[in-house]
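Participant: Pasting in a structure now, in structure tokens, and then I'll have a few things to ask.
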Amino acid sequence: MANIYLRSTDGSDADNGSTWALAKATMVGALAIATNADTIWVSQAHAELQITDMTLTFPTTPGLKVLCGNDAAEPPTALSTLASVSIGAGNVGLNFAAGFAYIYGVIFNGGTNNSGTCDINISQSALPMGMVFDSCAFNIRSINSTALILLGTSASGTIDDVSLVFINPIFKHGATTQKINIKYGRIEMYGVTLDGGGSIPTTLFSNVAAISSYIVIEASDLSGVAFTNLLDWSAAAPGLFIIRNTKLPANITVVTGSNPGPGGIIVKMHNCDSGDTNYRFAEHAYEGSVVNETTI
């Protein structure tokens, strides 16, 4: 059970990471020596930039903690949410490839190439992944219309091997056409925030053709950002999308597009509204919809 220290300002991946003075310089460098029993302490001053594609691979069994903390102490006695890991201006991706970890307080920044996709891919490989992101931010900095945040894998062999949990996440987009794509895996989100300093997507989520999706959003306040549609459900794929106990923008459309078939995704919205009431209810499937009616 070792502490591994990570600080870009004066660290070096040639050092062993055992103290702040011998800190690793990059997340990849720290993960290269980490086991599931370790804790990676990320300095609040950490501001890492990699120009090329970045692939983060975590231990194959649960237990690793990646915590942003104040580097005034060793180990830190106070947590922080200021550390950042960024990719550069090329047509590059930030890829969480595989493994297990609990990550607290890190800002993950996509690339800035406005003619490239610069995606943030969380579980893009065919290997198992179990991740918990607590108080982390995910920023699409490109204004390219096709740049995405992708959650889950496209590899059918790991359909039951991917679990992603987001606690108080912040999502920021660079263009109104960008979305959060949901793919194979179980995805849970609690306390979601959309950063109003970026572009607010017209449609917040979409499922992906030929890929089964399962996502639950709960206990969130999305009312401060005026996106139009919650989910584009038109991709031909099964799945379940649940949103409950959440405050939404007024006059939001729950689903957009057409459900392609009787085996398509099912959408359930329970106990949600734009005001201080909680009666808005909706269930949408290929066969039809059940929605609340307040004027009768």
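Order determines the names: the first chain of the structure tokens is A, the second B, and so forth; residues in each chain are numbered 1 upward, and ligands are numbered 1 upward as they are shown.
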When you look at range 61-77 of chain A with a cut-off of 10 Å (counting only C-alpha atoms), what residues show up, excluding the ones that are within fewer than 2 positions of it in the same chain? I need them as a PyMOL selection string.

Facilitator: chain A and resi 1+3-7+19-20+27+30-31+34-46+58-59+79-84+99-107+128-134+136

Participant: Counting only C-alpha atoms, what is within 7 Å of Lys268 in chain A, bar same-chain residues fewer than 2 positions away, as a PyMOL selection string?

Facilitator: chain A and resi 241-243+266+270+282-284

Participant: Can you write out the residues you just picked, keeping C-alpha atoms, as a compact mmCIF listing (two decimals), in the first residue's frame?

Facilitator:
# COMPACT_ATOMS: atom_id res chain seq x y z
CA PHE A 241 -32.44 5.17 -20.06
CA ILE A 242 -33.73 6.23 -16.63
CA ILE A 243 -33.75 9.73 -15.18
CA ILE A 266 -36.86 2.40 -23.44
CA HIS A 270 -39.78 9.66 -12.89
CA ALA A 282 -42.85 9.98 -18.76
CA GLU A 283 -42.19 6.53 -20.18
CA HIS A 284 -41.37 6.20 -23.87

Participant: With DSSP run on the backbone, what are the alpha helix (DSSP H) residues within range 18-238 of chain A? I'd like them as a ChimeraX atom specification.

Facilitator: /A:27-31

Participant: Selected residues, all heavy atoms, written as an mmCIF file, in the first residue's frame, please.

Facilitator:
data_model
loop_
_atom_site.group_PDB
_atom_site.id
_atom_site.type_symbol
_atom_site.label_atom_id
_atom_site.label_comp_id
_atom_site.auth_asym_id
_atom_site.auth_seq_id
_atom_site.Cartn_x
_atom_site.Cartn_y
_atom_site.Cartn_z
ATOM 1 N N MET A 27 0.292 11.387 -15.521
ATOM 2 C CA MET A 27 -0.615 10.354 -15.050
ATOM 3 C C MET A 27 -0.203 8.989 -15.598
ATOM 4 O O MET A 27 -0.269 7.976 -14.889
ATOM 5 C CB MET A 27 -2.043 10.691 -15.481
ATOM 6 C CG MET A 27 -3.095 9.739 -14.957
ATOM 7 S SD MET A 27 -3.377 9.865 -13.163
ATOM 8 C CE MET A 27 -4.288 11.414 -13.083
ATOM 9 N N VAL A 28 0.217 8.953 -16.858
ATOM 10 C CA VAL A 28 0.676 7.689 -17.439
ATOM 11 C C VAL A 28 1.867 7.146 -16.659
ATOM 12 O O VAL A 28 1.962 5.942 -16.382
ATOM 13 C CB VAL A 28 1.030 7.871 -18.930
ATOM 14 C CG1 VAL A 28 1.729 6.633 -19.482
ATOM 15 C CG2 VAL A 28 -0.221 8.177 -19.743
ATOM 16 N N GLY A 29 2.794 8.029 -16.284
ATOM 17 C CA GLY A 29 3.963 7.610 -15.517
ATOM 18 C C GLY A 29 3.597 7.069 -14.153
ATOM 19 O O GLY A 29 4.178 6.073 -13.685
ATOM 20 N N ALA A 30 2.642 7.697 -13.485
ATOM 21 C CA ALA A 30 2.213 7.220 -12.171
ATOM 22 C C ALA A 30 1.486 5.886 -12.273
ATOM 23 O O ALA A 30 1.698 4.974 -11.468
ATOM 24 C CB ALA A 30 1.327 8.271 -11.509
ATOM 25 N N LEU A 31 0.614 5.750 -13.291
ATOM 26 C CA LEU A 31 -0.129 4.500 -13.457
ATOM 27 C C LEU A 31 0.784 3.334 -13.810
ATOM 28 O O LEU A 31 0.467 2.179 -13.517
ATOM 29 C CB LEU A 31 -1.200 4.667 -14.534
ATOM 30 C CG LEU A 31 -2.393 5.528 -14.156
ATOM 31 C CD1 LEU A 31 -3.276 5.794 -15.372
ATOM 32 C CD2 LEU A 31 -3.205 4.866 -13.042
#

Participant: Could you work out how far CA of Asn181 in chain A lies from CA of Phe205 in chain A, giving the answer in Å with one decimal?

Facilitator: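 Interatomic distance here is 5.8 Å.
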
Participant: Just the strand (DSSP E or B) stuff from range 63-287 of chain A, please, per backbone DSSP, written as a ChimeraX atom specification.

Facilitator: /A:65-69,79,83-87,94-104,106-109,120-122,129-134,137-139,149-151,153,162-167,170-173,180-182,184,186-190,193-194,199,203-207,213-218,221,229-232,239-244,247,253-256,266-273,280-285

Participant: Choose the residue, out of A:Ala97, A:Gly197, A:Ser123, A:Ile167, that has the smallest atom-to-atom separation from Ile140 in chain A; count only C-alpha atoms.

Facilitator: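 Closest candidate: A:Gly197.
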
Participant: Might you pull out every residue within 8 Å of Arg280 in chain A, with only C-alpha atoms counted and same-chain residues fewer than 6 positions away left off, and present them as an NGL selection string?

Facilitator: :A and (269-273 or 291-292)

Participant: With N, CA and C atoms retained, write the just-selected residues as a compact mmCIF listing (two decimals), in the first residue's frame.

Facilitator:
# COMPACT_ATOMS: atom_id res chain seq x y z
N MET A 269 -38.74 8.55 -17.25
CA MET A 269 -38.47 9.74 -16.45
C MET A 269 -39.45 9.78 -15.29
N HIS A 270 -38.94 9.72 -14.07
CA HIS A 270 -39.78 9.66 -12.89
C HIS A 270 -39.40 10.78 -11.91
N ASN A 271 -40.41 11.42 -11.35
CA ASN A 271 -40.19 12.36 -10.25
C ASN A 271 -39.26 13.51 -10.66
N CYS A 272 -39.53 14.10 -11.80
CA CYS A 272 -38.71 15.19 -12.32
C CYS A 272 -39.61 16.37 -12.69
N ASP A 273 -39.06 17.58 -12.66
CA ASP A 273 -39.79 18.76 -13.10
C ASP A 273 -38.82 19.92 -13.20
N VAL A 291 -47.42 9.74 -20.42
CA VAL A 291 -46.88 11.00 -19.88
C VAL A 291 -47.90 11.61 -18.96
N ASN A 292 -47.43 12.50 -18.07
CA ASN A 292 -48.34 13.17 -17.15
C ASN A 292 -49.19 14.22 -17.87

Participant: What gap, in Å, lies between CA of Ala25 in chain A and CA of Ser12 in chain A?

Facilitator: 4.6 Å
